[in-house]
Amino acid sequence: MSNIKQQLYNKCVTYVQSRMDAAEQAFKAAEQASNDDTKSSAGDKYETGRAMMQQEKDRNTIQLNEANKLMVALNSISTKGESDIIETGSLVLTNGGKFYIAISAGTLVVDNESYFAVSAAAPICMQMMGKKAGDAFEVNGKKYRIEAVM
C-alpha cells in the first residue's frame, strides 16, 4: 500500500508543478504583451491596456504563490511508514470513498482506482483526523465508516 501512497504523492506533485508552470507561462505572456504594447495616439487605451496587463501579472503571481504553498505542504508529507490513526499523509478507505490526505488536488487515479486527494483543512478531513479503522463520522448528513487507514 505504501506504493499507492507514493504514486498518489507523485500525482499531487505533478498537479502542483503543472499549476506552477501554467502560472509562470501566463505571467510571461502577460509581461510580453505589456512590453509589446506600444503607445498609440489613443493614450487612454494604452494606459487601460497596461493596467489590465498588470492585473493579469498580479493574478498570475498570486496563483504561483498558492502553488508554491501547496508544494511546501507536500514536502512536509512523509510517504514512508504507516499509522493506525488518520493524519496528514494517510490513505483512508471508507465506505464512501478512498481519501489521500495531502492537498486538494481532486480525483486521482492509480491502478484504475479513484482516490480523492484532499487537504487536511477540508471539512471531511477535519472529521476524520485522529480517528482509526472502525470509527465512524458524518459530513453534511452523510455517514462514513472508516474501513482502513494506511
# chains A, B, ... in the order shown; residues from 1 in each chain; ligands from 1
$ closest_atom_pairs --of "range 4-42 of chain A" --to "range 68-79 of chain A" --cutoff "8 Å" --atoms "only C-alpha atoms" --output "tab-separated table"
residue	atom	partner	partner_atom	distance
A:Lys5	CA	A:Thr79	CA	6.2
A:Gln6	CA	A:Thr79	CA	5.7
A:Tyr9	CA	A:Thr79	CA	7.3
A:Cys12	CA	A:Leu74	CA	7.8
A:Val13	CA	A:Met71	CA	7.0
A:Val16	CA	A:Met71	CA	6.4
A:Met20	CA	A:Asn68	CA	7.3
$ closest_atom_pairs --of "range 64-97 of chain A" --to "range 129-134 of chain A" --cutoff "6 Å" --atoms "only C-alpha atoms" --output "CSV"
residue,atom,partner,partner_atom,distance
A:Asp84,CA,A:Lys132,CA,5.8
A:Ile85,CA,A:Lys132,CA,4.8
A:Ile86,CA,A:Gly130,CA,5.1
A:Glu87,CA,A:Met129,CA,5.7
$ write_last_selection --atoms "N, CA and C atoms" --output "mmCIF file, in the first residue's frame"
data_model
loop_
_atom_site.group_PDB
_atom_site.id
_atom_site.type_symbol
_atom_site.label_atom_id
_atom_site.label_comp_id
_atom_site.auth_asym_id
_atom_site.auth_seq_id
_atom_site.Cartn_x
_atom_site.Cartn_y
_atom_site.Cartn_z
ATOM 1 N N ASP A 84 -1.883 3.969 12.451
ATOM 2 C CA ASP A 84 -3.251 3.479 12.600
ATOM 3 C C ASP A 84 -4.234 4.640 12.740
ATOM 4 N N ILE A 85 -3.707 5.807 13.084
ATOM 5 C CA ILE A 85 -4.538 6.990 13.301
ATOM 6 C C ILE A 85 -4.410 7.916 12.091
ATOM 7 N N ILE A 86 -5.535 8.464 11.669
ATOM 8 C CA ILE A 86 -5.558 9.321 10.488
ATOM 9 C C ILE A 86 -4.826 10.633 10.766
ATOM 10 N N GLU A 87 -3.886 10.949 9.845
ATOM 11 C CA GLU A 87 -3.101 12.178 9.919
ATOM 12 C C GLU A 87 -2.758 12.593 8.496
#
$ closest_atom_pairs --of "range 6-106 of chain A" --to "range 117-128 of chain A" --cutoff "9 Å" --atoms "only C-alpha atoms" --output "Markdown table"
| residue | atom | partner | partner_atom | distance |
| --- | --- | --- | --- | --- |
| A:Leu8 | CA | A:Ala117 | CA | 8.0 |
| A:Cys12 | CA | A:Ala117 | CA | 7.8 |
| A:Ile86 | CA | A:Met128 | CA | 6.6 |
| A:Glu87 | CA | A:Ala120 | CA | 8.0 |
| A:Thr88 | CA | A:Ala120 | CA | 6.3 |
| A:Val92 | CA | A:Met128 | CA | 8.9 |
| A:Lys98 | CA | A:Ala117 | CA | 8.8 |
| A:Phe99 | CA | A:Ala117 | CA | 6.0 |
| A:Tyr100 | CA | A:Ala117 | CA | 4.8 |
| A:Ile101 | CA | A:Val118 | CA | 5.2 |
| A:Ala102 | CA | A:Ser119 | CA | 5.2 |
| A:Ile103 | CA | A:Ser119 | CA | 4.1 |
| A:Ser104 | CA | A:Val118 | CA | 4.2 |
| A:Ala105 | CA | A:Ala117 | CA | 5.2 |
| A:Gly106 | CA | A:Ala117 | CA | 5.4 |
$ select_by_dssp --residues "chain A" --states "strand (DSSP E)" --output "VMD selection string"
chain A and resid 91 to 94 97 to 102 106 to 110 113 to 119 136 to 139 142 to 149
$ write_last_selection --atoms "N, CA and C atoms" --output "short mmCIF file (atom, residue, chain, number, x, y, z; two decimals), in the first residue's frame"
data_model
loop_
_atom_site.label_atom_id
_atom_site.label_comp_id
_atom_site.auth_asym_id
_atom_site.auth_seq_id
_atom_site.Cartn_x
_atom_site.Cartn_y
_atom_site.Cartn_z
N LEU A 91 -3.68 7.41 3.88
CA LEU A 91 -4.59 6.93 2.86
C LEU A 91 -5.73 6.29 3.64
N VAL A 92 -6.94 6.80 3.45
CA VAL A 92 -8.08 6.36 4.25
C VAL A 92 -9.13 5.73 3.34
N LEU A 93 -9.48 4.49 3.64
CA LEU A 93 -10.52 3.80 2.89
C LEU A 93 -11.78 3.83 3.73
N THR A 94 -12.86 4.36 3.14
CA THR A 94 -14.14 4.42 3.83
C THR A 94 -15.20 3.76 2.96
N GLY A 97 -15.70 6.17 -0.08
CA GLY A 97 -14.62 6.58 -0.97
C GLY A 97 -13.26 6.40 -0.34
N LYS A 98 -12.24 6.62 -1.17
CA LYS A 98 -10.85 6.49 -0.74
C LYS A 98 -10.24 7.89 -0.74
N PHE A 99 -9.63 8.25 0.37
CA PHE A 99 -9.12 9.61 0.53
C PHE A 99 -7.62 9.59 0.82
N TYR A 100 -6.89 10.45 0.10
CA TYR A 100 -5.48 10.66 0.37
C TYR A 100 -5.37 12.06 0.97
N ILE A 101 -4.93 12.13 2.21
CA ILE A 101 -4.89 13.41 2.91
C ILE A 101 -3.55 14.08 2.66
N ALA A 102 -3.58 15.08 1.78
CA ALA A 102 -2.35 15.77 1.40
C ALA A 102 -2.69 17.21 1.03
N GLY A 106 -8.24 17.11 -6.19
CA GLY A 106 -9.31 16.44 -6.90
C GLY A 106 -9.15 14.93 -6.91
N THR A 107 -9.72 14.30 -7.92
CA THR A 107 -9.68 12.85 -8.03
C THR A 107 -8.41 12.42 -8.75
N LEU A 108 -7.71 11.48 -8.14
CA LEU A 108 -6.50 10.91 -8.73
C LEU A 108 -6.76 9.43 -8.99
N VAL A 109 -6.26 8.92 -10.10
CA VAL A 109 -6.47 7.51 -10.44
C VAL A 109 -5.13 6.77 -10.41
N VAL A 110 -5.09 5.69 -9.64
CA VAL A 110 -3.92 4.82 -9.57
C VAL A 110 -4.41 3.39 -9.74
N GLU A 113 -8.10 2.74 -9.89
CA GLU A 113 -8.88 3.05 -8.68
C GLU A 113 -8.85 4.56 -8.48
N SER A 114 -10.00 5.13 -8.08
CA SER A 114 -10.08 6.57 -7.85
C SER A 114 -9.87 6.88 -6.38
N TYR A 115 -9.09 7.92 -6.14
CA TYR A 115 -8.80 8.41 -4.79
C TYR A 115 -9.06 9.91 -4.79
N PHE A 116 -9.59 10.42 -3.69
CA PHE A 116 -9.81 11.85 -3.55
C PHE A 116 -8.63 12.44 -2.79
N ALA A 117 -7.87 13.30 -3.45
CA ALA A 117 -6.78 14.00 -2.77
C ALA A 117 -7.38 15.23 -2.12
N VAL A 118 -7.34 15.26 -0.79
CA VAL A 118 -7.98 16.34 -0.05
C VAL A 118 -7.00 16.95 0.95
N SER A 119 -7.21 18.20 1.20
CA SER A 119 -6.40 18.94 2.17
C SER A 119 -6.84 18.59 3.59
N ALA A 136 -16.50 5.92 12.95
CA ALA A 136 -17.46 6.49 12.01
C ALA A 136 -17.50 8.00 12.21
N PHE A 137 -17.94 8.69 11.18
CA PHE A 137 -18.11 10.14 11.26
C PHE A 137 -19.17 10.55 10.25
N GLU A 138 -19.60 11.80 10.35
CA GLU A 138 -20.66 12.29 9.47
C GLU A 138 -20.27 13.65 8.92
N VAL A 139 -20.51 13.85 7.63
CA VAL A 139 -20.26 15.13 6.97
C VAL A 139 -21.46 15.44 6.09
N LYS A 142 -24.10 12.85 5.58
CA LYS A 142 -23.69 11.54 5.05
C LYS A 142 -22.80 10.85 6.08
N LYS A 143 -23.13 9.60 6.37
CA LYS A 143 -22.38 8.84 7.35
C LYS A 143 -21.28 8.03 6.66
N TYR A 144 -20.10 8.07 7.25
CA TYR A 144 -18.94 7.33 6.73
C TYR A 144 -18.44 6.38 7.81
N ARG A 145 -17.97 5.23 7.36
CA ARG A 145 -17.30 4.28 8.27
C ARG A 145 -15.90 4.07 7.72
N ILE A 146 -14.93 4.20 8.59
CA ILE A 146 -13.53 4.04 8.19
C ILE A 146 -13.21 2.55 8.18
N GLU A 147 -12.84 2.07 7.00
CA GLU A 147 -12.54 0.64 6.84
C GLU A 147 -11.07 0.34 7.05
N ALA A 148 -10.19 1.24 6.63
CA ALA A 148 -8.74 1.04 6.79
C ALA A 148 -8.01 2.37 6.75
N VAL A 149 -6.89 2.41 7.44
CA VAL A 149 -6.01 3.58 7.45
C VAL A 149 -4.61 3.10 7.11
#
$ atom_distance --atom1 "CA of Met150 in chain A" --atom2 "CA of Gly81 in chain A"
8.6 Å
$ atom_distance --atom1 "CA of Thr14 in chain A" --atom2 "CA of Lys80 in chain A"
18.9 Å
